[in-house]
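The data block below is input.cif; it holds mmCIF, C-alpha atoms.
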```cif
data_my_file
loop_
_atom_site.label_atom_id
_atom_site.label_comp_id
_atom_site.auth_asym_id
_atom_site.auth_seq_id
_atom_site.Cartn_x
_atom_site.Cartn_y
_atom_site.Cartn_z
CA MET Q 19 -5.02 -68.96 -87.42
CA ASN Q 20 -2.86 -72.09 -87.55
CA GLU Q 21 -3.62 -74.72 -84.92
CA VAL Q 22 -0.94 -76.99 -83.46
CA ALA Q 23 -0.52 -78.86 -80.21
CA VAL Q 24 2.76 -77.17 -79.25
CA VAL Q 25 4.76 -74.13 -80.29
CA VAL Q 26 8.49 -74.20 -79.50
CA VAL Q 27 9.96 -70.69 -79.43
CA GLY Q 28 13.68 -70.66 -80.17
CA ALA Q 29 16.03 -73.12 -81.90
CA GLY Q 30 19.11 -73.04 -79.73
CA GLN Q 31 20.22 -76.02 -77.64
CA ALA Q 32 17.09 -76.04 -75.46
CA GLY Q 33 14.67 -75.56 -78.34
CA LEU Q 34 16.21 -78.27 -80.50
CA SER Q 35 16.31 -80.68 -77.56
CA SER Q 36 12.63 -79.98 -76.91
CA ALA Q 37 11.79 -80.54 -80.58
CA PHE Q 38 13.74 -83.80 -80.64
CA HIS Q 39 11.86 -85.16 -77.66
CA LEU Q 40 8.48 -83.99 -78.94
CA ARG Q 41 9.18 -85.79 -82.19
CA ARG Q 42 10.30 -88.91 -80.39
CA THR Q 43 7.18 -88.83 -78.24
CA GLY Q 44 5.07 -88.97 -81.39
CA TYR Q 45 4.38 -85.38 -82.44
CA GLU Q 46 4.95 -84.58 -86.09
CA PRO Q 47 7.17 -81.56 -86.83
CA GLY Q 48 5.43 -78.85 -88.82
CA ARG Q 49 1.98 -80.31 -88.31
CA GLU Q 50 1.50 -81.14 -84.62
CA PHE Q 51 4.24 -78.86 -83.34
CA VAL Q 52 6.17 -76.01 -84.86
CA VAL Q 53 9.57 -74.48 -84.02
CA LEU Q 54 9.87 -70.71 -84.52
CA ASP Q 55 13.31 -69.10 -84.48
CA GLU Q 56 14.12 -65.41 -84.91
CA ALA Q 57 17.77 -66.02 -85.85
CA PRO Q 58 18.62 -65.80 -89.56
CA GLN Q 59 20.20 -69.26 -89.68
CA PRO Q 60 20.82 -72.36 -87.52
CA GLY Q 61 23.17 -72.04 -84.57
CA GLY Q 62 21.15 -70.35 -81.85
CA ALA Q 63 23.07 -67.60 -80.07
CA TRP Q 64 26.36 -69.25 -81.05
CA GLN Q 65 26.16 -67.72 -84.53
CA PHE Q 66 26.62 -64.27 -83.00
CA ARG Q 67 29.76 -65.08 -80.98
CA TRP Q 68 32.89 -63.04 -81.48
CA PRO Q 69 35.48 -64.34 -83.98
CA THR Q 70 38.18 -65.16 -81.43
CA LEU Q 71 35.92 -67.54 -79.50
CA THR Q 72 37.18 -70.70 -81.16
CA TYR Q 73 35.64 -74.09 -80.50
CA GLY Q 74 38.61 -75.05 -78.32
CA LYS Q 75 37.87 -72.14 -75.98
CA VAL Q 76 34.23 -73.03 -75.40
CA HIS Q 77 33.54 -73.78 -71.72
CA GLY Q 78 31.17 -76.68 -72.11
CA MET Q 79 29.41 -77.80 -75.27
CA HIS Q 80 27.31 -80.87 -74.60
CA ALA Q 81 26.09 -82.69 -77.69
CA LEU Q 82 22.41 -82.51 -78.59
CA PRO Q 83 20.42 -85.68 -77.87
CA GLY Q 84 20.74 -88.35 -80.53
CA MET Q 85 23.63 -86.90 -82.53
CA GLU Q 86 27.22 -86.40 -81.48
CA LEU Q 87 29.44 -83.51 -82.52
CA THR Q 88 32.70 -85.18 -83.51
CA GLY Q 89 35.90 -84.23 -85.26
CA ALA Q 90 35.53 -80.49 -84.81
CA ASP Q 91 38.68 -78.43 -85.31
CA PRO Q 92 39.35 -76.61 -82.01
CA GLN Q 93 40.89 -73.70 -83.94
CA ARG Q 94 37.73 -72.99 -85.94
CA ARG Q 95 35.28 -70.34 -84.82
CA SER Q 96 32.67 -71.72 -82.46
CA SER Q 97 30.00 -69.88 -84.46
CA GLU Q 98 30.92 -71.92 -87.54
CA VAL Q 99 31.36 -75.29 -85.84
CA ILE Q 100 28.16 -75.16 -83.82
CA GLY Q 101 26.17 -73.46 -86.56
CA GLU Q 102 26.97 -76.30 -88.95
CA TYR Q 103 26.22 -78.89 -86.26
CA PHE Q 104 22.83 -77.39 -85.46
CA ALA Q 105 21.98 -77.16 -89.17
CA ALA Q 106 22.83 -80.84 -89.66
CA TYR Q 107 20.79 -81.73 -86.59
CA GLU Q 108 17.70 -79.90 -87.83
CA GLU Q 109 18.00 -81.67 -91.19
CA THR Q 110 18.69 -85.12 -89.74
CA PHE Q 111 15.60 -85.07 -87.55
CA ALA Q 112 13.47 -83.06 -90.01
CA LEU Q 113 12.51 -80.50 -87.36
CA ALA Q 114 11.15 -78.02 -89.93
CA VAL Q 115 12.33 -74.90 -88.10
CA ARG Q 116 10.72 -71.69 -89.40
CA ARG Q 117 13.05 -68.69 -89.57
CA PRO Q 118 13.54 -65.84 -89.28
CA VAL Q 119 10.33 -65.55 -87.28
CA ARG Q 120 10.16 -63.52 -84.10
CA VAL Q 121 7.40 -64.17 -81.59
CA ARG Q 122 5.94 -60.78 -80.72
CA ALA Q 123 3.47 -61.89 -78.05
CA VAL Q 124 1.90 -64.95 -76.43
CA ARG Q 125 -1.65 -64.26 -75.24
CA GLU Q 126 -4.65 -66.02 -73.78
CA ASN Q 127 -6.88 -67.20 -76.62
CA GLY Q 128 -10.03 -67.62 -74.53
CA ASP Q 129 -10.67 -71.26 -75.40
CA GLY Q 130 -8.10 -72.92 -73.20
CA ARG Q 131 -5.39 -72.39 -75.81
CA VAL Q 132 -2.78 -69.67 -76.20
CA ARG Q 133 -2.33 -67.39 -79.20
CA VAL Q 134 1.20 -66.89 -80.51
CA GLU Q 135 1.62 -63.75 -82.64
CA THR Q 136 4.67 -63.53 -84.89
CA SER Q 137 6.64 -61.03 -86.93
CA ASP Q 138 5.65 -62.59 -90.26
CA GLY Q 139 1.97 -61.99 -89.59
CA THR Q 140 1.20 -65.64 -88.88
CA THR Q 141 -0.75 -66.43 -85.73
CA TRP Q 142 -0.60 -69.84 -84.07
CA SER Q 143 -3.12 -71.35 -81.69
CA ALA Q 144 -1.48 -73.88 -79.37
CA ARG Q 145 -2.35 -75.96 -76.36
CA ALA Q 146 1.15 -75.48 -74.94
CA VAL Q 147 4.26 -73.37 -75.49
CA ILE Q 148 7.84 -74.44 -74.80
CA ASN Q 149 9.83 -71.22 -74.57
CA ALA Q 150 13.53 -71.56 -75.38
CA THR Q 151 14.54 -68.00 -76.21
CA GLY Q 152 17.61 -67.87 -73.97
CA THR Q 153 19.21 -64.57 -73.05
CA TRP Q 154 21.33 -63.35 -75.98
CA GLY Q 155 18.62 -61.03 -77.23
CA ARG Q 156 18.52 -59.11 -73.97
CA PRO Q 157 21.99 -57.82 -72.96
CA PHE Q 158 22.12 -56.16 -69.57
CA TRP Q 159 23.50 -52.62 -69.50
CA PRO Q 160 23.97 -51.23 -65.98
CA ARG Q 161 23.20 -47.56 -65.51
CA PHE Q 162 25.60 -45.11 -63.84
CA PRO Q 163 25.50 -41.39 -63.26
CA GLY Q 164 27.14 -39.51 -66.12
CA GLN Q 165 27.02 -42.47 -68.52
CA GLU Q 166 25.69 -40.35 -71.37
CA SER Q 167 28.53 -37.88 -70.97
CA PHE Q 168 31.30 -40.36 -71.76
CA SER Q 169 33.29 -39.13 -74.73
CA GLY Q 170 34.69 -42.53 -75.64
CA GLN Q 171 32.95 -45.66 -76.87
CA GLN Q 172 30.81 -48.12 -74.92
CA LEU Q 173 29.95 -51.61 -76.10
CA HIS Q 174 28.57 -54.83 -74.69
CA THR Q 175 29.61 -58.46 -75.00
CA ALA Q 176 26.68 -58.86 -77.41
CA SER Q 177 28.55 -56.72 -79.95
CA TYR Q 178 32.14 -57.57 -78.97
CA PRO Q 179 34.11 -57.53 -82.26
CA GLY Q 180 37.26 -59.25 -81.03
CA PRO Q 181 40.46 -57.67 -79.72
CA GLN Q 182 41.83 -56.42 -83.04
CA SER Q 183 39.15 -53.73 -83.31
CA ASP Q 184 40.07 -50.05 -83.35
CA VAL Q 185 38.06 -49.58 -80.15
CA PHE Q 186 40.74 -51.57 -78.27
CA THR Q 187 44.04 -51.32 -80.14
CA GLY Q 188 46.25 -48.77 -78.42
CA LYS Q 189 43.35 -47.61 -76.25
CA ARG Q 190 42.70 -47.36 -72.50
CA VAL Q 191 40.00 -49.92 -71.84
CA VAL Q 192 37.81 -50.59 -68.80
CA VAL Q 193 36.28 -54.08 -68.73
CA VAL Q 194 33.26 -54.35 -66.42
CA GLY Q 195 31.99 -57.74 -65.21
CA GLY Q 196 32.99 -60.73 -63.12
CA GLY Q 197 32.03 -63.68 -65.35
CA THR Q 198 33.86 -65.89 -67.77
CA SER Q 199 33.16 -63.57 -70.70
CA ALA Q 200 34.69 -60.60 -68.89
CA VAL Q 201 37.86 -62.55 -68.18
CA GLN Q 202 38.09 -63.81 -71.76
CA HIS Q 203 37.65 -60.29 -73.11
CA LEU Q 204 40.14 -58.86 -70.64
CA LEU Q 205 42.84 -61.37 -71.52
CA GLU Q 206 42.42 -60.72 -75.24
CA VAL Q 207 42.16 -56.94 -75.07
CA SER Q 208 45.14 -56.64 -72.73
CA GLU Q 209 47.37 -57.92 -75.54
CA VAL Q 210 46.60 -54.92 -77.79
CA ALA Q 211 45.39 -52.13 -75.48
CA ALA Q 212 47.57 -49.38 -74.08
CA GLU Q 213 46.08 -49.97 -70.63
CA THR Q 214 43.31 -52.08 -69.12
CA ALA Q 215 41.35 -52.06 -65.88
CA TRP Q 216 39.08 -54.82 -64.63
CA VAL Q 217 36.12 -53.68 -62.54
CA THR Q 218 33.61 -55.93 -60.73
CA ARG Q 219 30.88 -55.47 -58.12
CA ARG Q 220 32.06 -58.42 -56.03
CA GLU Q 221 35.46 -59.90 -55.43
CA PRO Q 222 35.88 -62.65 -58.04
CA VAL Q 223 36.27 -66.17 -56.71
CA PHE Q 224 38.70 -68.35 -58.64
CA ARG Q 225 38.51 -72.11 -58.45
CA ASP Q 226 41.53 -74.39 -58.76
CA GLY Q 227 41.43 -78.10 -59.30
CA PRO Q 228 38.71 -80.42 -60.59
CA PHE Q 229 35.04 -79.66 -60.23
CA ALA Q 230 33.28 -82.69 -58.79
CA GLU Q 231 29.84 -83.81 -59.93
CA ASP Q 232 28.32 -83.25 -56.48
CA GLN Q 233 29.60 -79.67 -56.52
CA GLY Q 234 27.94 -79.10 -59.88
CA ARG Q 235 24.65 -80.48 -58.64
CA ALA Q 236 24.80 -78.32 -55.52
CA ALA Q 237 25.43 -75.20 -57.65
CA VAL Q 238 22.52 -75.97 -59.96
CA ALA Q 239 20.30 -76.64 -56.93
CA LEU Q 240 20.98 -73.13 -55.63
CA VAL Q 241 19.85 -71.59 -58.92
CA GLU Q 242 16.86 -73.93 -59.06
CA ASP Q 243 15.79 -72.88 -55.59
CA ARG Q 244 15.55 -69.25 -56.72
CA VAL Q 245 13.22 -69.97 -59.64
CA ARG Q 246 11.14 -72.28 -57.48
CA ARG Q 247 10.56 -69.29 -55.19
CA GLY Q 248 9.71 -66.95 -58.07
CA LEU Q 249 12.96 -64.98 -57.91
CA PRO Q 250 15.00 -63.90 -60.94
CA PRO Q 251 17.50 -66.63 -61.83
CA ARG Q 252 21.23 -66.33 -61.30
CA SER Q 253 23.82 -67.89 -63.55
CA VAL Q 254 25.41 -71.14 -62.44
CA VAL Q 255 28.88 -69.56 -62.68
CA SER Q 256 27.85 -67.02 -60.02
CA VAL Q 257 27.82 -69.83 -57.47
CA THR Q 258 30.60 -72.04 -58.84
CA GLY Q 259 33.33 -69.43 -59.22
CA LEU Q 260 35.70 -68.94 -62.15
CA PRO Q 261 37.91 -71.87 -63.22
CA MET Q 262 41.57 -70.87 -63.04
CA THR Q 263 43.20 -71.72 -66.37
CA GLU Q 264 46.84 -71.55 -67.37
CA ALA Q 265 46.16 -68.47 -69.49
CA MET Q 266 44.55 -66.78 -66.49
CA ARG Q 267 47.53 -67.62 -64.31
CA ARG Q 268 49.86 -66.00 -66.81
CA ALA Q 269 47.61 -62.95 -66.99
CA ARG Q 270 47.57 -62.69 -63.22
CA GLU Q 271 51.37 -62.76 -63.18
CA ARG Q 272 51.36 -59.87 -65.68
CA GLY Q 273 49.03 -57.92 -63.42
CA VAL Q 274 46.11 -58.06 -65.86
CA LEU Q 275 43.75 -59.83 -63.43
CA ARG Q 276 44.09 -57.17 -60.77
CA ARG Q 277 40.46 -56.48 -59.93
CA GLN Q 278 39.19 -53.08 -58.85
CA ALA Q 279 35.97 -52.27 -57.04
CA MET Q 280 33.11 -50.80 -59.02
CA PHE Q 281 33.39 -47.11 -59.86
CA GLU Q 282 30.57 -44.77 -58.83
CA ARG Q 283 30.16 -42.58 -61.86
CA ILE Q 284 31.22 -42.06 -65.44
CA VAL Q 285 32.77 -38.78 -66.54
CA PRO Q 286 33.56 -37.59 -70.08
CA GLU Q 287 37.19 -38.63 -69.74
CA GLY Q 288 36.68 -42.00 -68.04
CA VAL Q 289 35.39 -43.40 -64.74
CA GLU Q 290 35.49 -42.08 -61.19
CA TRP Q 291 35.44 -43.80 -57.81
CA GLY Q 292 33.82 -42.56 -54.61
CA ASP Q 293 37.08 -41.20 -53.20
CA GLY Q 294 37.49 -38.94 -56.22
CA TRP Q 295 40.13 -41.02 -57.98
CA ARG Q 296 39.67 -41.15 -61.73
CA MET Q 297 40.90 -43.36 -64.52
CA GLU Q 298 41.01 -41.98 -68.02
CA ALA Q 299 39.49 -44.33 -70.57
CA ASP Q 300 38.75 -44.48 -74.28
CA THR Q 301 36.50 -47.56 -74.20
CA ILE Q 302 34.20 -49.19 -71.67
CA LEU Q 303 33.38 -52.83 -72.39
CA TRP Q 304 30.31 -54.02 -70.49
CA ALA Q 305 30.68 -57.77 -69.96
CA THR Q 306 27.72 -57.66 -67.61
CA GLY Q 307 25.72 -60.60 -68.88
CA PHE Q 308 22.21 -61.02 -70.14
CA ARG Q 309 18.68 -61.37 -68.84
CA PRO Q 310 16.05 -63.90 -69.98
CA ALA Q 311 14.47 -62.78 -73.26
CA ILE Q 312 10.86 -63.40 -72.27
CA ASP Q 313 9.12 -60.07 -72.84
CA HIS Q 314 6.81 -61.73 -75.38
CA LEU Q 315 5.27 -63.71 -72.50
CA ALA Q 316 4.29 -60.53 -70.62
CA PRO Q 317 0.60 -60.62 -71.69
CA LEU Q 318 0.20 -63.84 -69.69
CA ARG Q 319 1.29 -62.07 -66.46
CA LEU Q 320 3.56 -64.86 -65.28
CA ARG Q 321 5.92 -62.86 -63.05
CA GLU Q 322 5.73 -63.16 -59.29
CA ALA Q 323 6.13 -60.37 -56.73
CA GLY Q 324 9.81 -61.29 -56.42
CA GLY Q 325 10.40 -60.32 -60.04
CA GLY Q 326 10.91 -63.80 -61.43
CA ILE Q 327 8.70 -66.59 -62.71
CA ARG Q 328 7.89 -69.36 -60.26
CA MET Q 329 8.84 -72.71 -61.72
CA ASP Q 330 8.16 -76.37 -60.98
CA GLY Q 331 10.75 -78.12 -63.09
CA THR Q 332 10.27 -76.55 -66.51
CA ARG Q 333 6.59 -75.78 -65.95
CA VAL Q 334 5.43 -72.27 -65.03
CA VAL Q 335 3.39 -72.57 -61.84
CA ALA Q 336 1.03 -69.74 -62.84
CA ASP Q 337 0.19 -71.36 -66.20
CA SER Q 338 0.85 -75.06 -66.76
CA ARG Q 339 0.64 -74.58 -70.55
CA ILE Q 340 3.91 -72.65 -70.53
CA HIS Q 341 7.32 -74.28 -70.08
CA LEU Q 342 10.65 -72.49 -69.86
CA VAL Q 343 13.75 -74.35 -71.01
CA GLY Q 344 17.28 -72.98 -71.02
CA TYR Q 345 16.12 -70.76 -68.16
CA GLY Q 346 17.72 -70.52 -64.72
CA PRO Q 347 19.10 -73.93 -63.69
CA SER Q 348 18.83 -75.28 -67.25
CA ALA Q 349 20.88 -72.44 -68.78
CA SER Q 350 23.77 -74.70 -69.79
CA THR Q 351 24.03 -77.08 -72.69
CA ILE Q 352 23.61 -80.22 -70.59
CA GLY Q 353 20.87 -78.55 -68.56
CA ALA Q 354 19.09 -77.49 -71.74
CA ASN Q 355 19.14 -81.08 -73.02
CA ARG Q 356 17.54 -82.39 -69.86
CA ALA Q 357 15.04 -79.56 -69.70
CA GLY Q 358 13.95 -80.24 -73.28
CA ARG Q 359 13.23 -83.84 -72.43
CA ALA Q 360 11.38 -82.92 -69.23
CA ALA Q 361 9.28 -80.28 -70.97
CA ALA Q 362 8.30 -82.61 -73.81
CA ARG Q 363 7.20 -85.28 -71.35
CA ASP Q 364 5.28 -82.83 -69.18
CA VAL Q 365 3.54 -81.29 -72.17
CA HIS Q 366 2.63 -84.76 -73.43
CA ARG Q 367 0.95 -85.50 -70.09
CA LEU Q 368 -0.77 -82.11 -70.12
CA LEU Q 369 -2.26 -82.89 -73.51
CA GLY Q 370 -3.64 -86.17 -72.23
CA GLY Q 371 -1.05 -88.34 -73.96
CA GLY Q 372 -0.51 -90.70 -71.04
CA PRO Q 373 2.66 -92.81 -71.09
CA ILE Q 374 5.45 -91.75 -73.41
CA ALA Q 375 5.01 -93.29 -76.86
CA ASN Q 376 7.58 -95.53 -78.48
CA ALA Q 377 10.44 -93.86 -80.32
CA ARG Q 378 9.66 -92.74 -83.84
CA LYS Q 379 11.55 -94.30 -86.69
CA GLY Q 380 15.04 -92.84 -87.03
CA VAL Q 381 15.30 -91.65 -83.42
CA GLY Q 382 16.97 -94.39 -81.43
CA ASP Q 383 16.23 -95.42 -77.86
CA ALA Q 384 19.87 -94.95 -76.96
CA ALA Q 385 19.51 -91.22 -77.61
CA ALA Q 386 16.17 -90.86 -75.87
CA ASN Q 387 17.55 -89.96 -72.47
CA GLY Q 388 19.15 -86.83 -73.94
CA GLU Q 389 22.26 -87.28 -71.85
CA GLN Q 390 24.73 -88.98 -74.18
CA GLY Q 391 26.86 -85.96 -74.83
CA SER Q 392 30.27 -85.16 -76.12
CA GLY Q 393 31.97 -86.66 -73.10
CA ARG Q 394 33.16 -83.32 -71.81
CA SER Q 395 33.38 -83.05 -68.06
CA LEU Q 396 30.80 -81.46 -65.82
CA GLU Q 397 33.52 -79.02 -64.83
CA ARG Q 398 33.53 -77.49 -68.31
CA VAL Q 399 29.76 -77.50 -68.52
CA ALA Q 400 29.11 -75.86 -65.15
CA ALA Q 401 31.89 -73.31 -65.52
CA GLY Q 402 30.42 -71.50 -68.52
CA ASP Q 403 28.44 -68.29 -68.20
CA SER Q 404 25.94 -66.75 -70.58
CA ALA Q 405 28.60 -65.94 -73.13
CA THR Q 406 29.58 -69.60 -73.55
CA ARG Q 407 26.13 -71.05 -74.06
#
```
In structure tokens, write the structure found in this file.
Amino acid sequence: MNEVAVVVVGAGQAGLSSAFHLRRTGYEPGREFVVLDEAPQPGGAWQFRWPTLTYGKVHGMHALPGMELTGADPQRRSSEVIGEYFAAYEETFALAVRRPVRVRAVRENGDGRVRVETSDGTTWSARAVINATGTWGRPFWPRFPGQESFSGQQLHTASYPGPQSDVFTGKRVVVVGGGTSAVQHLLEVSEVAAETAWVTRREPVFRDGPFAEDQGRAAVALVEDRVRRGLPPRSVVSVTGLPMTEAMRRARERGVLRRQAMFERIVPEGVEWGDGWRMEADTILWATGFRPAIDHLAPLRLREAGGGIRMDGTRVVADSRIHLVGYGPSASTIGANRAGRAAARDVHRLLGGGPIANARKGVGDAAANGEQGSGRSLERVAAGDSATR
């Protein structure tokens, strides 16, 4: 069993931010803390994004602490731009990320430490865990009567191939979901499909005009309140509304953004509403979001009666050794940066480190606050949902 002070699980925005701040606080990567990432290469969940999500379409990409992302071509795929940026970041700060390594379970070790079991057979003993596994690995598929009988194809945002796929071209497509991803998919697919329908549980709320900083803070506070009470987190976009873009205005004029209420059942030929009206469909695209990928923490029994994990900042109330970053209110790139810093500081105090140590060589004080980002507005940061993080 390998002993370290801290295990960081995940190397997306939140995990890399946490690793940066641990290193700056004085912990040595690979020896005093280790970063485990199940993805095949750097880039976090961004590496799995669909090909038409170019960097210019990304709704909020805040730079990682200590290293700006500059000069990126907005027409390049976001998976390529951000993947290369994350790779350079890991190398610059020598974070020694181990991949592909999936954490199978985190358990009580019986000596005040936790035991982290991995897919490569290695077991780690740690005094604290910073969990930064995000949501991409756990797509949410709603269940409806008759779903298995559908004769067409069903797919989720997690496997969205882009609009030029045979599952969309010339087909009748139902897009399900009320977030930014659903709208992006709908606008793209409507250009090639024979017919589209947009179905949501709630009436979408579109937001015109600038998004002030106090509005962003209020939205994040609502999400934060839920995790503080031990309830499952909601996305920030669920309380901010959808930003109305010029492309969305044009789509609305074409009738593409005409929302329909949720159907009640799925039939072999399509979907059916409660009044008996049916729509024939060849493809159902579930843009229904993701849930936190934290099943590996189940042995620690962290969930509350409300179904969520009660949080105090990034710290799990039920077990102060466990911190969740990129979870709930920190599930945005700027939120992940700040959560990484907070978790590193809290873990340092937990381990008896006292005041934060001086910056390590090569990690400047100017970057230590983790907030010097790409200069993009809070509007773009707060507007993104799980498919743009």
Need the neighbours of (4.7, -62.8, -77.8): which residues are at most 8 Å away, counting only C-alpha atoms, as a ChimeraX atom specification? /Q:121-125,134-136,313-317
If the PyMOL selection byres ((chain Q and resi 346) around 8) is run on the structure shown, which residues does it catch, given as a PyMOL selection string? chain Q and resi 241-242+245+251-253+344-345+347-349
Take the residues from that selection and put them in a file with C-alpha atoms, as a PDB file, in the coordinates of the input.
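Output file result_23.pdb is given in full below:
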```pdb
ATOM      1  CA  VAL Q 241      19.850 -71.590 -58.920  1.00  0.00           C
ATOM      2  CA  GLU Q 242      16.860 -73.930 -59.060  1.00  0.00           C
ATOM      3  CA  VAL Q 245      13.220 -69.970 -59.640  1.00  0.00           C
ATOM      4  CA  PRO Q 251      17.500 -66.630 -61.830  1.00  0.00           C
ATOM      5  CA  ARG Q 252      21.230 -66.330 -61.300  1.00  0.00           C
ATOM      6  CA  SER Q 253      23.820 -67.890 -63.550  1.00  0.00           C
ATOM      7  CA  GLY Q 344      17.280 -72.980 -71.020  1.00  0.00           C
ATOM      8  CA  TYR Q 345      16.120 -70.760 -68.160  1.00  0.00           C
ATOM      9  CA  PRO Q 347      19.100 -73.930 -63.690  1.00  0.00           C
ATOM     10  CA  SER Q 348      18.830 -75.280 -67.250  1.00  0.00           C
ATOM     11  CA  ALA Q 349      20.880 -72.440 -68.780  1.00  0.00           C
TER      12      ALA Q 349
END
```
Would you work out the distance separating CA of Val201 (chain Q) from CA of Gly353 (chain Q), expressed in Å to one decimal?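 About the pair CA of Val201 (chain Q) and CA of Gly353 (chain Q): they are 23.3 Å apart.
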Would you kindly translate the PyMOL selection byres ((chain Q and resi 23) around 12) into the concrete residues it picks from this file, as a ChimeraX atom specification? /Q:20-22,24-26,40,44-53,130-133,142-148,339,362,365-366,368-371
Expansion of the PyMOL selection byres ((chain Q and resi 354) around 8) into residues, as a count of residues only: 15
Non-local contacts of region 213-229 of chain Q (8 Å; all atoms listed in the file; under 5 positions in same chain excluded) as number ranges by chain: Q: 188-196, 204, 207-208, 234, 258-262, 274-281, 396-397
So which residues are close to (26.2, -41.7, -69.5), meaning at most 9 Å away in the file's coordinates with only C-alpha atoms counted, and can you show them as a short mmCIF file (atom, residue, chain, number, x, y, z; two decimals) with C-alpha atoms, in the coordinates of the input?
```
data_model
loop_
_atom_site.label_atom_id
_atom_site.label_comp_id
_atom_site.auth_asym_id
_atom_site.auth_seq_id
_atom_site.Cartn_x
_atom_site.Cartn_y
_atom_site.Cartn_z
CA ARG Q 161 23.20 -47.56 -65.51
CA PHE Q 162 25.60 -45.11 -63.84
CA PRO Q 163 25.50 -41.39 -63.26
CA GLY Q 164 27.14 -39.51 -66.12
CA GLN Q 165 27.02 -42.47 -68.52
CA GLU Q 166 25.69 -40.35 -71.37
CA SER Q 167 28.53 -37.88 -70.97
CA PHE Q 168 31.30 -40.36 -71.76
CA ARG Q 283 30.16 -42.58 -61.86
CA ILE Q 284 31.22 -42.06 -65.44
CA VAL Q 285 32.77 -38.78 -66.54
CA PRO Q 286 33.56 -37.59 -70.08
#
```
Pairwise distance, CA of Ala176 (chain Q) with CA of Ala299 (chain Q), equals 20.5 Å
Determine the nearest neighbour of Arg363 (chain Q) from the options Q:Ala37, Q:Arg319, Q:Val210, Q:Ala305, counting all atoms listed in the file.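 The closest residue to Arg363 (chain Q) is Q:Ala37.
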